[in-house]
>>> print(open('my_file-v3.txt').read())   # compact mmCIF, C-alpha atoms
# COMPACT_ATOMS: atom_id res chain seq x y z
CA TRP A 1029 131.08 181.72 -129.32
CA SER A 1030 131.57 179.79 -132.54
CA ILE A 1031 130.05 179.26 -135.99
CA PRO A 1032 129.43 175.63 -137.01
CA ALA A 1033 131.29 174.42 -140.09
CA ASP A 1034 129.57 172.16 -142.60
CA HIS A 1035 131.25 169.03 -143.89
CA ASN A 1036 131.88 170.28 -147.40
CA PRO A 1037 134.59 168.39 -149.34
CA PRO A 1038 136.44 169.31 -151.49
CA PHE A 1039 135.71 172.95 -150.60
CA PRO A 1040 136.09 174.53 -147.15
CA SER A 1041 132.92 175.63 -145.41
CA PHE A 1042 134.22 179.16 -144.81
CA MET A 1043 135.52 180.90 -147.93
CA ALA A 1044 136.35 184.45 -146.83
CA PHE A 1045 136.67 186.55 -143.67
CA ALA A 1046 136.74 190.25 -142.77
CA LEU A 1047 136.89 192.26 -139.56
CA THR A 1048 135.53 195.74 -138.85
CA ASP A 1049 135.27 197.79 -135.66
CA GLN A 1050 131.80 196.43 -134.92
CA GLN A 1051 131.54 193.04 -136.62
CA VAL A 1052 133.13 189.82 -137.79
CA TRP A 1053 132.17 188.89 -141.35
CA VAL A 1054 132.31 185.44 -142.92
CA ALA A 1055 131.25 183.96 -146.26
CA LYS A 1056 130.00 180.38 -146.25
CA TYR A 1057 130.34 178.30 -149.39
CA ARG A 1058 127.33 178.87 -151.72
CA ASP A 1059 125.23 179.86 -148.73
CA HIS A 1060 125.41 183.32 -147.07
CA ILE A 1061 127.62 186.23 -146.19
CA LEU A 1062 127.11 186.66 -142.45
CA GLY A 1063 128.02 189.45 -140.05
CA TYR A 1064 128.27 188.91 -136.27
CA ASP A 1065 128.88 191.37 -133.48
CA TYR A 1066 131.59 190.57 -130.97
CA GLY A 1067 129.08 188.82 -128.75
CA GLY A 1068 128.24 186.33 -131.51
CA VAL A 1069 124.85 187.83 -132.39
CA GLU A 1070 124.05 187.75 -136.11
CA LYS A 1071 123.63 191.30 -137.46
CA TYR A 1072 123.86 190.77 -141.21
CA ARG A 1073 122.77 188.10 -143.67
CA ALA A 1074 123.05 188.20 -147.46
CA TRP A 1075 121.96 185.29 -149.64
CA LEU A 1076 124.45 184.01 -152.18
CA SER A 1077 123.70 182.66 -155.63
CA SER A 1078 124.24 178.94 -156.14
CA GLU A 1079 126.14 179.85 -159.31
CA GLY A 1080 129.29 180.94 -157.46
CA PHE A 1081 130.96 181.65 -154.13
CA PRO A 1082 133.01 184.47 -152.53
CA GLN A 1083 136.77 184.16 -152.21
CA SER A 1084 137.50 187.47 -150.44
CA LEU A 1085 135.55 190.28 -148.77
CA LEU A 1086 135.93 194.02 -148.35
CA ILE A 1087 133.61 195.91 -146.01
CA THR A 1088 133.08 199.59 -146.82
CA GLU A 1089 130.84 202.17 -145.18
CA ASP A 1090 127.97 201.37 -147.54
CA TYR A 1091 128.72 198.02 -149.18
CA VAL A 1092 129.86 194.47 -148.60
CA VAL A 1093 132.15 193.92 -151.58
CA ALA A 1094 133.01 190.36 -152.61
CA GLU A 1095 135.39 188.76 -155.04
CA GLU A 1096 133.38 185.79 -156.29
CA TYR A 1097 134.14 182.79 -158.47
CA ALA A 1098 131.48 182.04 -161.09
CA ILE A 1099 131.26 178.25 -161.44
CA ALA A 1100 129.78 178.09 -164.96
CA SER A 1101 132.04 180.64 -166.67
CA MET A 1102 135.04 180.10 -164.32
CA LYS A 1103 135.46 183.88 -164.21
CA LYS A 1104 136.01 186.30 -161.34
CA VAL A 1105 133.00 188.42 -160.39
CA LEU A 1106 132.99 191.66 -158.38
CA SER A 1107 129.76 192.06 -156.40
CA PHE A 1108 128.37 194.87 -154.22
CA ARG A 1109 125.70 194.24 -151.57
CA TYR A 1110 124.22 196.95 -149.40
CA ARG A 1111 125.67 196.84 -145.91
CA ALA A 1112 122.37 198.00 -144.42
CA SER A 1113 120.13 195.35 -146.01
CA GLY A 1114 122.21 192.64 -147.70
CA VAL A 1115 120.41 193.28 -151.00
CA LEU A 1116 122.59 192.89 -154.10
CA HIS A 1117 123.33 196.29 -155.67
CA GLU A 1118 125.28 195.01 -158.68
CA ALA A 1119 127.68 192.34 -159.84
CA PHE A 1120 129.82 192.10 -162.97
CA GLU A 1121 132.18 189.53 -164.44
CA THR A 1122 135.79 190.43 -165.16
CA ASP A 1123 138.40 188.98 -167.51
CA PHE A 1124 141.06 188.75 -164.82
CA GLU A 1125 142.62 185.56 -163.51
CA GLU A 1126 142.69 186.98 -159.96
CA LEU A 1127 141.20 189.98 -158.15
CA LEU A 1128 142.64 191.82 -155.15
CA LEU A 1129 140.39 194.04 -153.01
CA LEU A 1130 142.41 196.88 -151.46
CA GLY A 1131 140.05 199.29 -149.70
CA GLU A 1132 138.13 202.55 -149.90
CA GLU A 1133 139.34 205.77 -151.45
CA GLY A 1134 136.64 208.27 -150.53
CA ARG A 1135 133.41 206.70 -151.75
CA GLU A 1136 135.26 204.69 -154.40
CA VAL A 1137 136.55 201.14 -154.09
CA LEU A 1138 140.15 200.42 -154.99
CA TYR A 1139 140.85 197.01 -156.48
CA ALA A 1140 143.34 195.29 -158.77
CA GLY A 1141 143.16 192.51 -161.34
CA PHE A 1142 145.89 190.16 -162.56
CA ARG A 1143 146.13 188.89 -166.13
CA GLU A 1144 148.99 187.83 -168.42
CA GLY A 1145 151.78 188.91 -166.09
CA LEU A 1146 150.38 192.35 -165.22
CA THR A 1147 148.43 193.73 -162.26
CA THR A 1148 146.05 196.54 -163.20
CA PHE A 1149 144.70 198.97 -160.58
CA PHE A 1150 141.21 200.49 -160.71
CA LEU A 1151 139.03 202.93 -158.81
CA TYR A 1152 135.34 202.07 -158.99
CA ASP A 1153 132.42 204.22 -157.88
CA PRO A 1154 129.47 201.87 -157.16
CA TRP A 1155 127.07 204.80 -156.77
CA MET A 1156 127.73 206.08 -160.28
CA GLY A 1157 128.87 202.84 -161.92
CA GLU A 1158 132.07 204.54 -163.08
CA ARG A 1159 135.45 202.83 -163.25
CA VAL A 1160 138.84 204.53 -163.70
CA ARG A 1161 141.87 202.51 -164.78
CA LEU A 1162 144.89 203.84 -162.91
CA PHE A 1163 147.94 201.95 -164.24
CA ASP A 1164 149.59 198.55 -164.75
CA VAL A 1165 152.56 197.07 -162.89
CA PRO A 1166 154.46 193.90 -163.81
CA GLY A 1167 153.98 190.87 -161.59
CA LYS A 1168 151.14 189.44 -159.53
CA MET A 1169 150.00 191.31 -156.42
CA VAL A 1170 148.48 188.83 -153.97
CA HIS A 1171 148.06 190.66 -150.62
CA ALA A 1172 147.15 194.20 -149.59
CA VAL A 1173 146.56 196.14 -146.38
CA LYS A 1174 145.75 199.78 -145.63
CA GLY A 1175 148.79 201.60 -144.22
CA SER A 1176 149.27 205.13 -142.92
CA ALA A 1177 148.67 208.50 -144.59
CA GLY A 1178 146.46 207.09 -147.34
CA ALA A 1179 148.98 204.48 -148.47
CA PHE A 1180 148.39 200.80 -149.14
CA ILE A 1181 151.03 198.15 -148.58
CA LEU A 1182 151.08 195.41 -151.21
CA ALA A 1183 152.89 192.09 -151.55
CA ASP A 1184 153.54 190.23 -154.80
CA ASP A 1185 153.85 186.47 -155.30
CA GLU A 1186 157.62 186.68 -154.85
CA SER A 1187 157.31 188.24 -151.34
CA ARG A 1188 158.29 191.74 -152.42
CA LEU A 1189 156.58 194.62 -150.63
CA TYR A 1190 155.39 197.87 -152.19
CA SER A 1191 153.76 201.12 -151.13
CA PHE A 1192 150.90 202.39 -153.26
CA ARG A 1193 149.12 205.74 -153.12
CA PRO A 1194 146.36 206.10 -155.72
CA LYS A 1195 147.10 209.78 -156.35
CA TYR A 1196 150.89 209.55 -156.17
CA GLY A 1197 152.04 206.20 -157.53
CA PHE A 1198 153.83 203.00 -156.73
CA GLU A 1199 157.08 202.44 -154.80
CA ALA A 1200 159.12 199.28 -154.12
CA LEU A 1201 160.00 198.81 -150.42
CA PHE A 1202 161.83 195.59 -149.56
CA ARG A 1203 161.65 191.82 -149.90
CA VAL A 1204 160.68 189.37 -147.16
CA ALA A 1205 162.79 186.22 -146.90
CA TYR A 1206 159.74 183.93 -146.61
CA GLU A 1207 156.54 183.28 -148.52
CA ILE A 1208 153.96 185.88 -147.46
CA ARG A 1209 150.61 184.41 -146.45
CA SER A 1210 148.90 187.59 -145.14
CA LEU A 1211 149.53 191.19 -144.06
CA SER A 1212 148.21 193.20 -141.09
CA TYR A 1213 149.02 196.79 -140.20
CA ASP A 1214 149.17 198.54 -136.82
CA PRO A 1215 148.68 202.28 -137.53
CA LEU A 1216 149.29 203.32 -133.93
CA ASN A 1217 152.81 201.90 -133.87
CA ARG A 1218 153.44 202.05 -137.64
CA GLU A 1219 154.18 198.31 -137.71
CA LEU A 1220 153.53 195.70 -140.40
CA TRP A 1221 152.77 192.14 -139.30
CA VAL A 1222 153.60 189.47 -141.89
CA VAL A 1223 152.35 185.89 -141.62
CA ALA A 1224 154.70 183.38 -143.26
CA PRO A 1225 154.85 179.57 -142.97
CA HIS A 1226 155.39 178.71 -139.28
CA ARG A 1227 156.29 182.27 -138.28
CA VAL A 1228 155.02 185.81 -137.81
CA LEU A 1229 157.29 188.77 -138.58
CA ARG A 1230 156.93 192.34 -137.28
CA TYR A 1231 158.45 195.28 -139.21
CA ASP A 1232 158.80 198.94 -138.26
CA MET A 1233 157.57 200.73 -141.39
CA ARG A 1234 159.35 203.97 -140.48
CA ASP A 1235 162.75 202.44 -141.27
CA TYR A 1236 161.70 198.97 -142.59
CA SER A 1237 163.61 197.19 -139.83
CA LEU A 1238 162.63 193.76 -138.52
CA LYS A 1239 161.51 194.26 -134.91
CA GLY A 1240 160.53 190.72 -133.98
CA GLU A 1241 159.89 187.18 -135.16
CA LEU A 1242 157.62 184.57 -133.61
CA LEU A 1243 158.18 180.91 -134.55
CA LEU A 1244 155.14 178.62 -134.51
CA GLU A 1245 154.37 174.96 -135.06
CA GLY A 1246 151.50 175.81 -137.39
CA THR A 1247 150.75 178.75 -139.67
CA PRO A 1248 148.05 181.23 -138.62
CA HIS A 1249 145.62 182.71 -141.12
CA LYS A 1250 146.11 186.35 -140.13
CA VAL A 1251 147.14 188.66 -137.29
CA LEU A 1252 144.20 190.69 -135.93
CA ILE A 1253 145.12 193.90 -134.12
CA ARG A 1254 142.71 195.34 -131.59
CA TYR A 1255 142.96 198.43 -129.34
CA ASN A 1256 141.25 199.24 -126.05
CA ARG A 1257 140.14 202.59 -127.45
CA ASN A 1258 139.16 204.17 -130.77
CA LEU A 1259 142.03 205.70 -132.73
CA SER A 1260 141.82 209.35 -133.69
CA PRO A 1261 142.02 210.28 -137.40
CA PHE A 1262 145.60 211.45 -136.81
CA GLU A 1263 146.63 208.02 -135.52
CA ARG A 1264 145.25 206.03 -138.45
>>> encode(input="my_file-v3.txt", output="structure tokens")
Amino acid sequence: WSIPADHNPPFPSFMAFALTDQQVWVAKYRDHILGYDYGGVEKYRAWLSSEGFPQSLLITEDYVVAEEYAIASMKKVLSFRYRASGVLHEAFETDFEELLLLGEEGREVLYAGFREGLTTFFLYDPWMGERVRLFDVPGKMVHAVKGSAGAFILADDESRLYSFRPKYGFEALFRVAYEIRSLSYDPLNRELWVVAPHRVLRYDMRDYSLKGELLLEGTPHKVLIRYNRNLSPFER
């Protein structure tokens, strides 16, 4: 099955993607956020404001979280829509140049904002409307993926990798020799898949060794990892 793309210069028709165990999620430019099951049946539809458009998505148990670009103010907006209904719960503008959606930490959402050479990490509780500022790190974090044992793996704009645990802190890991375009993590095998221009790299995160490299004519958007069974909590 496929989703038709609109002719939409100078912007792409599809602005953001996400994948969960049950659905594929896509944001269309100034149109909708849509969720499809793996048979191509639409299961979710949320209307977007004509005043902006999503640039990244995070799907939590209760919310569809979007990093949006507000056209009039040229600011980044963080929005929360109910996963059950698509109704907008809340949205607020930020003063950051870029936002990075990391994932869930309990019922809170972990995200980061970049401004003036620093990346600042936050925990936000959409139920209570409470935000906790965790700490700042120098540099611009541009990619994130959930790792093992509650850790997140981050990449900065100079292709350096870090491990981040909200309750324990931040640790530098190693540097990739190529520009990082996206990260994917395989919790069953403890492997990190890195998309770089014209190649995909596979690292063993137990000893940070390079286990494989695939050379390609083009550059994929992201590696999607699927299993033929559900992972137990001890395997995630």
>>> atom_distance(input="my_file-v3.txt", atom1="atom CA of A:Gly1246", atom2="atom CA of A:Lys1174")
26.0 Å
>>> closest_residue(input="my_file-v3.txt", among="A:Leu1220, A:Leu1182, A:Ala1200, A:Ile1253", to="A:Lys1239", atoms="all atoms listed in the file")
A:Leu1220
>>> residues_near_point(input="my_file-v3.txt", point="(131.5, 190.0, -145.8)", cutoff="6 Å", atoms="only C-alpha atoms", output="tab-separated table (two decimals) with C-alpha atoms, in the coordinates of the input")
chain	number	residue	atom	x	y	z
A	1053	TRP	CA	132.17	188.89	-141.35
A	1054	VAL	CA	132.31	185.44	-142.92
A	1061	ILE	CA	127.62	186.23	-146.19
A	1085	LEU	CA	135.55	190.28	-148.77
A	1092	VAL	CA	129.86	194.47	-148.60
>>> closest_residue(input="my_file-v3.txt", among="A:Tyr1066, A:Tyr1097, A:Phe1081, A:Tyr1072", to="A:Asp1049", atoms="all atoms listed in the file")
A:Tyr1066
>>> axis_aligned_box(input="my_file-v3.txt", around="stretch 1168-1180 of chain A", padding_each_side="6 Å", output="AutoDock Vina command-line options")
--center_x 148.4 --center_y 198.7 --center_z -151.2 --size_x 17.4 --size_y 31.7 --size_z 28.6
>>> decode(input="my_file-v3.txt", residues="stretch 1237-1259 of chain A", atoms="C-alpha atoms", output="tab-separated table (two decimals), in the first residue's frame")
chain	number	residue	atom	x	y	z
A	1237	SER	CA	32.93	-2.03	17.88
A	1238	LEU	CA	31.94	-1.65	14.23
A	1239	LYS	CA	30.26	-4.92	13.22
A	1240	GLY	CA	29.33	-4.15	9.63
A	1241	GLU	CA	29.05	-1.54	6.90
A	1242	LEU	CA	26.71	-1.50	3.92
A	1243	LEU	CA	27.59	0.75	0.96
A	1244	LEU	CA	24.69	2.14	-1.09
A	1245	GLU	CA	24.20	4.25	-4.18
A	1246	GLY	CA	21.68	6.45	-2.40
A	1247	THR	CA	21.13	7.41	1.23
A	1248	PRO	CA	18.18	5.87	3.10
A	1249	HIS	CA	16.08	7.90	5.52
A	1250	LYS	CA	16.24	5.44	8.43
A	1251	VAL	CA	16.71	1.78	9.34
A	1252	LEU	CA	13.51	0.19	10.67
A	1253	ILE	CA	13.98	-2.89	12.84
A	1254	ARG	CA	11.15	-5.38	13.15
A	1255	TYR	CA	10.90	-8.70	15.03
A	1256	ASN	CA	8.67	-11.72	14.44
A	1257	ARG	CA	7.62	-11.66	18.08
A	1258	ASN	CA	7.08	-9.18	20.91
A	1259	LEU	CA	10.13	-8.49	23.07
